[in-house]
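File shown: data08.cif (mmCIF, C-alpha atoms, pLDDT in the B column; chains and numbers go by the auth columns).
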data_coords
loop_
_atom_site.group_PDB
_atom_site.id
_atom_site.type_symbol
_atom_site.label_atom_id
_atom_site.label_comp_id
_atom_site.label_asym_id
_atom_site.label_seq_id
_atom_site.Cartn_x
_atom_site.Cartn_y
_atom_site.Cartn_z
_atom_site.B_iso_or_equiv
_atom_site.auth_seq_id
_atom_site.auth_asym_id
ATOM 1 C CA GLY A 1 -111.360 -138.315 -96.103 37.00 182 M
ATOM 2 C CA ALA A 2 -107.792 -139.150 -97.024 38.00 183 M
ATOM 3 C CA PRO A 3 -105.342 -136.273 -97.241 40.00 184 M
ATOM 4 C CA GLN A 4 -104.916 -134.811 -100.685 40.00 185 M
ATOM 5 C CA ASN A 5 -101.585 -134.557 -102.447 41.00 186 M
ATOM 6 C CA ASP A 6 -100.337 -132.378 -105.264 40.00 187 M
ATOM 7 C CA ALA A 7 -101.722 -134.783 -107.876 42.00 188 M
ATOM 8 C CA ALA A 8 -105.267 -134.770 -106.563 41.00 189 M
ATOM 9 C CA VAL A 9 -107.894 -132.052 -106.435 39.00 190 M
ATOM 10 C CA GLY A 10 -111.366 -131.929 -104.977 40.00 191 M
ATOM 11 C CA ALA A 11 -114.220 -132.581 -107.338 38.00 192 M
ATOM 12 C CA ASP A 12 -117.501 -130.681 -107.083 42.00 193 M
ATOM 13 C CA ASP A 13 -118.912 -133.314 -104.727 49.00 194 M
ATOM 14 C CA ASP A 14 -115.778 -133.219 -102.540 61.00 195 M
ATOM 15 C CA ALA A 15 -114.602 -136.522 -104.007 67.00 196 M
ATOM 16 C CA LEU A 16 -110.910 -136.919 -104.669 79.00 197 M
ATOM 17 C CA LYS A 17 -109.981 -136.684 -108.309 83.00 198 M
ATOM 18 C CA ILE A 18 -106.713 -137.520 -109.985 82.00 199 M
ATOM 19 C CA LYS A 19 -105.638 -135.217 -112.799 81.00 200 M
ATOM 20 C CA ASP A 20 -104.029 -137.867 -114.998 79.00 201 M
ATOM 21 C CA VAL A 21 -105.368 -141.426 -114.789 76.00 202 M
ATOM 22 C CA TYR A 22 -102.158 -142.613 -116.445 79.00 203 M
ATOM 23 C CA ASP A 23 -100.001 -141.148 -113.682 83.00 204 M
ATOM 24 C CA HIS A 24 -99.200 -144.360 -111.844 84.00 205 M
ATOM 25 C CA GLY A 25 -97.304 -142.588 -109.076 84.00 206 M
ATOM 26 C CA ALA A 26 -100.182 -140.231 -108.291 86.00 207 M
ATOM 27 C CA MET A 27 -102.618 -143.136 -108.328 88.00 208 M
ATOM 28 C CA ARG A 28 -100.433 -145.080 -105.914 89.00 209 M
ATOM 29 C CA ARG A 29 -100.169 -142.108 -103.556 91.00 210 M
ATOM 30 C CA MET A 30 -103.931 -141.732 -103.598 92.00 211 M
ATOM 31 C CA TYR A 31 -104.431 -145.386 -102.663 94.00 212 M
ATOM 32 C CA ASP A 32 -101.734 -145.092 -99.971 94.00 213 M
ATOM 33 C CA ASP A 33 -103.443 -142.088 -98.387 95.00 214 M
ATOM 34 C CA ALA A 34 -106.902 -143.647 -98.577 95.00 215 M
ATOM 35 C CA THR A 35 -105.690 -146.929 -97.084 96.00 216 M
ATOM 36 C CA VAL A 36 -104.062 -145.230 -94.106 96.00 217 M
ATOM 37 C CA GLN A 37 -107.131 -143.057 -93.535 96.00 218 M
ATOM 38 C CA ALA A 38 -109.438 -146.080 -93.699 96.00 219 M
ATOM 39 C CA VAL A 39 -107.337 -147.894 -91.095 95.00 220 M
ATOM 40 C CA PHE A 40 -107.520 -144.864 -88.808 94.00 221 M
ATOM 41 C CA ASP A 41 -111.268 -144.483 -89.369 94.00 222 M
ATOM 42 C CA ALA A 42 -111.713 -148.128 -88.406 92.00 223 M
ATOM 43 C CA GLY A 43 -110.476 -147.244 -84.930 90.00 224 M
ATOM 44 C CA TYR A 44 -106.759 -147.971 -85.170 93.00 225 M
ATOM 45 C CA ALA A 45 -104.202 -145.331 -84.213 93.00 226 M
ATOM 46 C CA GLU A 46 -100.716 -145.113 -85.670 93.00 227 M
ATOM 47 C CA ASP A 47 -97.825 -146.453 -83.645 92.00 228 M
ATOM 48 C CA THR A 48 -95.545 -143.467 -84.063 90.00 229 M
ATOM 49 C CA ARG A 49 -92.516 -144.812 -82.225 91.00 230 M
ATOM 50 C CA THR A 50 -90.506 -145.667 -85.335 88.00 231 M
ATOM 51 C CA THR A 51 -91.488 -142.355 -86.926 89.00 232 M
ATOM 52 C CA ASP A 52 -90.396 -140.526 -83.788 92.00 233 M
ATOM 53 C CA VAL A 53 -87.034 -142.311 -83.888 93.00 234 M
ATOM 54 C CA LYS A 54 -86.538 -141.360 -87.556 92.00 235 M
ATOM 55 C CA ILE A 55 -87.420 -137.739 -86.844 95.00 236 M
ATOM 56 C CA THR A 56 -85.053 -137.617 -83.870 96.00 237 M
ATOM 57 C CA LEU A 57 -82.178 -139.090 -85.877 95.00 238 M
ATOM 58 C CA SER A 58 -82.867 -136.729 -88.791 95.00 239 M
ATOM 59 C CA VAL A 59 -82.970 -133.668 -86.529 96.00 240 M
ATOM 60 C CA CYS A 60 -79.712 -134.718 -84.882 96.00 241 M
ATOM 61 C CA ALA A 61 -78.123 -135.173 -88.315 94.00 242 M
ATOM 62 C CA ILE A 62 -79.240 -131.674 -89.340 95.00 243 M
ATOM 63 C CA ILE A 63 -77.835 -130.198 -86.131 95.00 244 M
ATOM 64 C CA VAL A 64 -74.501 -131.939 -86.698 93.00 245 M
ATOM 65 C CA ALA A 65 -74.413 -130.673 -90.291 92.00 246 M
ATOM 66 C CA LEU A 66 -75.138 -127.092 -89.180 92.00 247 M
ATOM 67 C CA VAL A 67 -72.494 -127.210 -86.462 90.00 248 M
ATOM 68 C CA ALA A 68 -69.971 -128.574 -88.955 87.00 249 M
ATOM 69 C CA HIS A 69 -70.839 -125.826 -91.440 85.00 250 M
ATOM 70 C CA PHE A 70 -70.552 -122.917 -89.022 86.00 251 M
ATOM 71 C CA THR A 71 -67.400 -124.191 -87.316 84.00 252 M
ATOM 72 C CA LYS A 72 -65.523 -125.368 -90.397 80.00 253 M
ATOM 73 C CA ASN A 73 -62.998 -122.530 -90.098 78.00 254 M
ATOM 74 C CA SER A 74 -62.435 -122.821 -86.355 77.00 255 M
ATOM 75 C CA ALA A 75 -62.809 -126.523 -85.548 68.00 256 M
ATOM 76 C CA SER A 76 -59.841 -128.850 -85.738 80.00 257 M
ATOM 77 C CA THR A 77 -59.530 -131.402 -88.512 84.00 258 M
ATOM 78 C CA ARG A 78 -60.232 -134.155 -86.020 86.00 259 M
ATOM 79 C CA ALA A 79 -63.426 -132.429 -84.837 87.00 260 M
ATOM 80 C CA GLN A 80 -64.542 -132.033 -88.442 87.00 261 M
ATOM 81 C CA TRP A 81 -64.022 -135.722 -89.093 89.00 262 M
ATOM 82 C CA VAL A 82 -65.924 -136.626 -85.918 90.00 263 M
ATOM 83 C CA MET A 83 -68.899 -134.579 -87.122 91.00 264 M
ATOM 84 C CA VAL A 84 -68.750 -136.144 -90.579 91.00 265 M
ATOM 85 C CA VAL A 85 -68.742 -139.627 -89.075 93.00 266 M
ATOM 86 C CA ALA A 86 -71.586 -138.684 -86.715 94.00 267 M
ATOM 87 C CA TYR A 87 -73.637 -137.362 -89.645 93.00 268 M
ATOM 88 C CA VAL A 88 -73.086 -140.562 -91.632 94.00 269 M
ATOM 89 C CA ILE A 89 -74.024 -142.742 -88.649 95.00 270 M
ATOM 90 C CA LEU A 90 -77.219 -140.780 -87.987 94.00 271 M
ATOM 91 C CA GLY A 91 -78.213 -140.958 -91.654 93.00 272 M
ATOM 92 C CA ALA A 92 -77.516 -144.685 -91.690 94.00 273 M
ATOM 93 C CA GLY A 93 -79.659 -145.014 -88.572 93.00 274 M
ATOM 94 C CA VAL A 94 -82.668 -143.594 -90.395 91.00 275 M
ATOM 95 C CA SER A 95 -82.136 -146.019 -93.279 89.00 276 M
ATOM 96 C CA ALA A 96 -81.751 -148.898 -90.825 89.00 277 M
ATOM 97 C CA VAL A 97 -85.085 -148.097 -89.175 85.00 278 M
ATOM 98 C CA VAL A 98 -86.793 -148.116 -92.573 82.00 279 M
ATOM 99 C CA ALA A 99 -85.086 -151.304 -93.743 80.00 280 M
ATOM 100 C CA PHE A 100 -85.123 -153.424 -90.597 82.00 281 M
ATOM 101 C CA VAL A 101 -87.926 -152.072 -88.415 80.00 282 M
ATOM 102 C CA GLU A 102 -90.645 -150.760 -90.723 77.00 283 M
ATOM 103 C CA ARG A 103 -89.912 -153.256 -93.514 79.00 284 M
ATOM 104 C CA ASP A 104 -91.804 -151.158 -96.097 85.00 285 M
ATOM 105 C CA ALA A 105 -94.938 -151.071 -93.952 91.00 286 M
ATOM 106 C CA LEU A 106 -97.456 -148.460 -95.086 93.00 287 M
ATOM 107 C CA VAL A 107 -98.590 -148.006 -91.493 94.00 288 M
ATOM 108 C CA LEU A 108 -97.974 -149.678 -88.135 94.00 289 M
ATOM 109 C CA THR A 109 -100.767 -149.334 -85.601 94.00 290 M
ATOM 110 C CA ARG A 110 -101.361 -149.608 -81.905 92.00 291 M
ATOM 111 C CA PRO A 111 -104.024 -152.045 -80.635 88.00 292 M
ATOM 112 C CA ARG A 112 -107.560 -150.968 -81.400 80.00 293 M
ATOM 113 C CA ASN A 113 -110.084 -150.273 -78.687 65.00 294 M
ATOM 114 C CA ALA A 114 -113.679 -151.302 -79.360 52.00 295 M
ATOM 115 C CA GLY A 115 -116.006 -148.504 -80.395 51.00 296 M
ATOM 116 C CA GLU A 116 -113.297 -146.044 -81.418 53.00 297 M
ATOM 117 C CA ALA A 117 -114.152 -145.870 -85.119 53.00 298 M
ATOM 118 C CA LYS A 118 -114.028 -142.178 -86.023 49.00 299 M
ATOM 119 C CA ASN A 119 -116.760 -142.070 -88.661 50.00 300 M
ATOM 120 C CA ALA A 120 -120.263 -143.450 -88.325 43.00 301 M
ATOM 121 C CA ARG A 121 -120.367 -145.871 -91.237 48.00 302 M
ATOM 122 C CA PRO A 122 -122.542 -148.966 -91.828 46.00 303 M
ATOM 123 C CA ARG A 123 -119.556 -151.186 -90.996 47.00 304 M
ATOM 124 C CA GLU A 124 -118.870 -149.541 -87.632 46.00 305 M
ATOM 125 C CA ALA A 125 -120.884 -151.911 -85.446 42.00 306 M
ATOM 126 C CA LYS A 126 -119.288 -154.999 -86.937 48.00 307 M
ATOM 127 C CA ASN A 127 -115.793 -153.583 -86.700 48.00 308 M
ATOM 128 C CA ALA A 128 -116.347 -152.504 -83.107 45.00 309 M
ATOM 129 C CA SER A 129 -117.444 -155.974 -82.060 47.00 310 M
ATOM 130 C CA SER A 130 -114.593 -157.753 -83.805 45.00 311 M
ATOM 131 C CA ALA A 131 -112.060 -155.385 -82.245 43.00 312 M
ATOM 132 C CA ALA A 132 -112.085 -157.572 -79.154 44.00 313 M
ATOM 133 C CA SER A 133 -110.320 -160.318 -81.089 62.00 314 M
ATOM 134 C CA THR A 134 -106.765 -161.298 -80.297 71.00 315 M
ATOM 135 C CA ARG A 135 -105.497 -160.077 -83.655 75.00 316 M
ATOM 136 C CA ALA A 136 -106.883 -156.566 -83.133 75.00 317 M
ATOM 137 C CA SER A 137 -105.358 -156.394 -79.666 79.00 318 M
ATOM 138 C CA HIS A 138 -101.770 -156.584 -80.948 80.00 319 M
ATOM 139 C CA GLY A 139 -101.810 -153.799 -83.505 90.00 320 M
ATOM 140 C CA LEU A 140 -101.401 -154.159 -87.258 94.00 321 M
ATOM 141 C CA CYS A 141 -98.768 -153.993 -89.949 94.00 322 M
ATOM 142 C CA VAL A 142 -100.476 -152.840 -93.151 96.00 323 M
ATOM 143 C CA LYS A 143 -98.677 -152.951 -96.484 96.00 324 M
ATOM 144 C CA LEU A 144 -99.772 -151.894 -99.948 94.00 325 M
ATOM 145 C CA LYS A 145 -97.524 -153.549 -102.507 91.00 326 M
ATOM 146 C CA CYS A 146 -97.400 -152.714 -106.187 86.00 327 M
ATOM 147 C CA LYS A 147 -94.749 -153.253 -108.823 81.00 328 M
ATOM 148 C CA ARG A 148 -93.899 -150.247 -110.956 78.00 329 M
ATOM 149 C CA PHE A 149 -96.542 -149.656 -113.647 77.00 330 M
ATOM 150 C CA ASP A 150 -98.508 -152.704 -112.485 83.00 331 M
ATOM 151 C CA SER A 151 -102.299 -152.376 -112.424 85.00 332 M
ATOM 152 C CA VAL A 152 -102.724 -154.551 -109.328 92.00 333 M
ATOM 153 C CA LEU A 153 -102.237 -153.463 -105.721 93.00 334 M
ATOM 154 C CA SER A 154 -101.766 -156.107 -103.029 95.00 335 M
ATOM 155 C CA LEU A 155 -103.126 -155.041 -99.644 97.00 336 M
ATOM 156 C CA VAL A 156 -101.593 -157.151 -96.865 96.00 337 M
ATOM 157 C CA VAL A 157 -102.718 -157.037 -93.233 96.00 338 M
ATOM 158 C CA THR A 158 -100.872 -158.878 -90.493 94.00 339 M
ATOM 159 C CA ARG A 159 -99.917 -158.390 -86.856 92.00 340 M
ATOM 160 C CA LYS A 160 -97.497 -155.587 -86.117 90.00 341 M
ATOM 161 C CA GLU A 161 -94.637 -157.896 -85.140 90.00 342 M
ATOM 162 C CA ASP A 162 -94.870 -159.757 -88.471 90.00 343 M
ATOM 163 C CA LYS A 163 -93.166 -157.122 -90.612 84.00 344 M
ATOM 164 C CA LEU A 164 -92.022 -159.712 -93.180 90.00 345 M
ATOM 165 C CA SER A 165 -95.638 -160.873 -93.670 91.00 346 M
ATOM 166 C CA ARG A 166 -94.748 -164.506 -93.003 92.00 347 M
ATOM 167 C CA ALA A 167 -97.516 -165.282 -90.500 92.00 348 M
ATOM 168 C CA LYS A 168 -99.932 -167.994 -91.582 94.00 349 M
ATOM 169 C CA ASP A 169 -102.906 -165.801 -90.709 93.00 350 M
ATOM 170 C CA ALA A 170 -101.718 -162.761 -92.679 95.00 351 M
ATOM 171 C CA LEU A 171 -104.421 -161.639 -95.094 96.00 352 M
ATOM 172 C CA ARG A 172 -103.868 -160.440 -98.645 96.00 353 M
ATOM 173 C CA VAL A 173 -106.364 -159.028 -101.116 96.00 354 M
ATOM 174 C CA ASP A 174 -105.449 -157.890 -104.626 96.00 355 M
ATOM 175 C CA VAL A 175 -107.109 -154.714 -105.887 94.00 356 M
ATOM 176 C CA TYR A 176 -107.136 -153.506 -109.491 92.00 357 M
ATOM 177 C CA CYS A 177 -106.198 -149.834 -109.611 86.00 358 M
ATOM 178 C CA GLY A 178 -109.084 -149.045 -111.930 86.00 359 M
ATOM 179 C CA ASP A 179 -111.724 -150.602 -109.684 90.00 360 M
ATOM 180 C CA TYR A 180 -112.116 -147.473 -107.575 92.00 361 M
ATOM 181 C CA ILE A 181 -111.073 -144.774 -110.049 90.00 362 M
ATOM 182 C CA SER A 182 -113.456 -143.685 -112.801 88.00 363 M
ATOM 183 C CA GLU A 183 -112.345 -142.815 -116.309 86.00 364 M
ATOM 184 C CA ASP A 184 -112.555 -139.111 -115.422 88.00 365 M
ATOM 185 C CA GLY A 185 -110.162 -139.660 -112.521 88.00 366 M
ATOM 186 C CA THR A 186 -112.705 -139.581 -109.686 91.00 367 M
ATOM 187 C CA PHE A 187 -111.590 -141.729 -106.771 92.00 368 M
ATOM 188 C CA HIS A 188 -114.449 -143.556 -105.037 92.00 369 M
ATOM 189 C CA GLU A 189 -113.020 -143.217 -101.567 92.00 370 M
ATOM 190 C CA ASP A 190 -116.060 -144.420 -99.614 93.00 371 M
ATOM 191 C CA ALA A 191 -116.284 -147.639 -101.617 94.00 372 M
ATOM 192 C CA TYR A 192 -112.570 -148.265 -101.181 95.00 373 M
ATOM 193 C CA GLU A 193 -112.760 -147.532 -97.460 95.00 374 M
ATOM 194 C CA ALA A 194 -115.582 -150.076 -97.160 95.00 375 M
ATOM 195 C CA LEU A 195 -113.305 -152.645 -98.816 96.00 376 M
ATOM 196 C CA VAL A 196 -110.450 -151.860 -96.420 96.00 377 M
ATOM 197 C CA TRP A 197 -112.814 -152.223 -93.486 95.00 378 M
ATOM 198 C CA ASP A 198 -113.982 -155.589 -94.832 95.00 379 M
ATOM 199 C CA ILE A 199 -110.337 -156.659 -95.121 96.00 380 M
ATOM 200 C CA LEU A 200 -109.565 -155.573 -91.559 94.00 381 M
ATOM 201 C CA ASP A 201 -112.652 -157.345 -90.267 92.00 382 M
ATOM 202 C CA ALA A 202 -111.810 -160.519 -92.190 93.00 383 M
ATOM 203 C CA TYR A 203 -108.266 -160.491 -90.809 94.00 384 M
ATOM 204 C CA GLU A 204 -109.542 -160.083 -87.272 91.00 385 M
ATOM 205 C CA ARG A 205 -111.872 -163.040 -87.781 90.00 386 M
ATOM 206 C CA GLY A 206 -108.986 -165.243 -88.900 91.00 387 M
ATOM 207 C CA LYS A 207 -109.782 -165.377 -92.613 92.00 388 M
ATOM 208 C CA GLY A 208 -106.173 -164.820 -93.662 93.00 389 M
ATOM 209 C CA ARG A 209 -104.308 -167.656 -95.386 94.00 390 M
ATOM 210 C CA GLY A 210 -100.867 -166.093 -95.586 94.00 391 M
ATOM 211 C CA SER A 211 -99.525 -163.332 -97.815 94.00 392 M
ATOM 212 C CA ASP A 212 -98.855 -165.805 -100.633 95.00 393 M
ATOM 213 C CA VAL A 213 -102.586 -166.489 -101.011 94.00 394 M
ATOM 214 C CA ALA A 214 -104.778 -163.684 -102.377 94.00 395 M
ATOM 215 C CA LEU A 215 -108.363 -163.861 -101.142 94.00 396 M
ATOM 216 C CA ASP A 216 -111.329 -162.885 -103.293 93.00 397 M
ATOM 217 C CA SER A 217 -112.617 -159.548 -102.002 89.00 398 M
ATOM 218 C CA ARG A 218 -116.178 -160.740 -102.662 86.00 399 M
ATOM 219 C CA LYS A 219 -115.786 -163.586 -100.181 83.00 400 M
ATOM 220 C CA LEU A 220 -114.491 -161.686 -97.159 86.00 401 M
ATOM 221 C CA LYS A 221 -117.757 -161.443 -95.252 77.00 402 M
#
Go through the file and emit its structure as structure tokens.
Amino acid sequence: GAPQNDAAVGADDDALKIKDVYDHGAMRRMYDDATVQAVFDAGYAEDTRTTDVKITLSVCAIIVALVAHFTKNSASTRAQWVMVVAYVILGAGVSAVVAFVERDALVLTRPRNAGEAKNARPREAKNASSAASTRASHGLCVKLKCKRFDSVLSLVVTRKEDKLSRAKDALRVDVYCGDYISEDGTFHEDAYEALVWDILDAYERGKGRGSDVALDSRKLK
């Protein structure tokens, strides 16, 4: 299942459970984790290149900061300024990757190979067959949008290159936060994963009408 965070604990039946159903941030993190896990379980693998770049830039920034700290008494003023500028540039590089490459994507994936779904679920056969479509062969950009304290999440699926979600075949489905979380805080992960798989399958079959048009989740099949 999706990875747990500090706001979620396992219920007796191993279901995820949120401690406070009014904690919008914890609820959002739970949906984020479950969405990413559902995409992976459907046979997609994360395209880690942008993450690798961010990690590399961050590590370099830390190294520069450590060097500057331990040489502050021996390095020249010019060398100190060079390290400060380098640190700022590296930090700005991380922000630039987030702002201009990822574009708030929840996950970017590599192309999916047919039959690579990790879990044997009822939807596996259908997803495996549709994976041969052109849309599945380019990788995905998956976003989960939600305004602060809003009760509606917008799940948008489009091709990886379309990070602004402007493609005419991008697919959007709106999900009410309470649809998959019971009053006691239990998160119905399997039911939500089935919805995500339906959304992925519908996108691959060309059901998307652009991110400005929300499709009815009951009419995806």
Residues selected by the PyMOL selection byres ((chain M and resi 238-242) around 9), written as a PDB file with C-alpha atoms, in the frame of the given file:
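Printed below is part05.pdb as written:
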ATOM      1  CA  ASP M 233     -90.396-140.526 -83.788  1.00 92.00           C
ATOM      2  CA  VAL M 234     -87.034-142.311 -83.888  1.00 93.00           C
ATOM      3  CA  LYS M 235     -86.538-141.360 -87.556  1.00 92.00           C
ATOM      4  CA  ILE M 236     -87.420-137.739 -86.844  1.00 95.00           C
ATOM      5  CA  THR M 237     -85.053-137.617 -83.870  1.00 96.00           C
ATOM      6  CA  ILE M 243     -79.240-131.674 -89.340  1.00 95.00           C
ATOM      7  CA  ILE M 244     -77.835-130.198 -86.131  1.00 95.00           C
ATOM      8  CA  VAL M 245     -74.501-131.939 -86.698  1.00 93.00           C
ATOM      9  CA  ALA M 246     -74.413-130.673 -90.291  1.00 92.00           C
ATOM     10  CA  LEU M 247     -75.138-127.092 -89.180  1.00 92.00           C
ATOM     11  CA  ALA M 267     -71.586-138.684 -86.715  1.00 94.00           C
ATOM     12  CA  TYR M 268     -73.637-137.362 -89.645  1.00 93.00           C
ATOM     13  CA  VAL M 269     -73.086-140.562 -91.632  1.00 94.00           C
ATOM     14  CA  ILE M 270     -74.024-142.742 -88.649  1.00 95.00           C
ATOM     15  CA  LEU M 271     -77.219-140.780 -87.987  1.00 94.00           C
ATOM     16  CA  GLY M 272     -78.213-140.958 -91.654  1.00 93.00           C
ATOM     17  CA  GLY M 274     -79.659-145.014 -88.572  1.00 93.00           C
ATOM     18  CA  VAL M 275     -82.668-143.594 -90.395  1.00 91.00           C
TER      19      VAL M 275
END
Taking the file as shown, find all residues satisfying the PyMOL selection byres ((chain M and resi 370) around 8) and write them as a PDB file with C-alpha atoms, in the coordinates of the input.
ATOM      1  CA  GLY M 182    -111.360-138.315 -96.103  1.00 37.00           C
ATOM      2  CA  ALA M 196    -114.602-136.522-104.007  1.00 67.00           C
ATOM      3  CA  LEU M 197    -110.910-136.919-104.669  1.00 79.00           C
ATOM      4  CA  ALA M 215    -106.902-143.647 -98.577  1.00 95.00           C
ATOM      5  CA  TYR M 361    -112.116-147.473-107.575  1.00 92.00           C
ATOM      6  CA  PHE M 368    -111.590-141.729-106.771  1.00 92.00           C
ATOM      7  CA  HIS M 369    -114.449-143.556-105.037  1.00 92.00           C
ATOM      8  CA  ASP M 371    -116.060-144.420 -99.614  1.00 93.00           C
ATOM      9  CA  ALA M 372    -116.284-147.639-101.617  1.00 94.00           C
ATOM     10  CA  TYR M 373    -112.570-148.265-101.181  1.00 95.00           C
ATOM     11  CA  GLU M 374    -112.760-147.532 -97.460  1.00 95.00           C
TER      12      GLU M 374
END
Best match for closeness to Arg210 in chain M among M:Val279, M:Ala317, M:Ala286, M:Leu325, counting only C-alpha atoms: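 Ranking M:Val279, M:Ala317, M:Ala286, M:Leu325 by distance to Arg210 in chain M, first place goes to M:Leu325.
Using the PyMOL selection byres ((chain M and resi 341) around 7) on the file at hand returns these residues: Leu289, His319, Gly320, Leu321, Cys322, Thr339, Arg340, Glu342, Asp343 and Lys344 of chain M.
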Output for the residues just chosen: C-alpha atoms as a CSV table (one decimal), in the frame of the given file:
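Now in again05.csv:
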chain,number,residue,atom,x,y,z
M,289,LEU,CA,-98.0,-149.7,-88.1
M,319,HIS,CA,-101.8,-156.6,-80.9
M,320,GLY,CA,-101.8,-153.8,-83.5
M,321,LEU,CA,-101.4,-154.2,-87.3
M,322,CYS,CA,-98.8,-154.0,-89.9
M,339,THR,CA,-100.9,-158.9,-90.5
M,340,ARG,CA,-99.9,-158.4,-86.9
M,342,GLU,CA,-94.6,-157.9,-85.1
M,343,ASP,CA,-94.9,-159.8,-88.5
M,344,LYS,CA,-93.2,-157.1,-90.6
Å distance separating CA of Gly224 in chain M from CA of Val323 in chain M, one decimal place: 14.1 Å
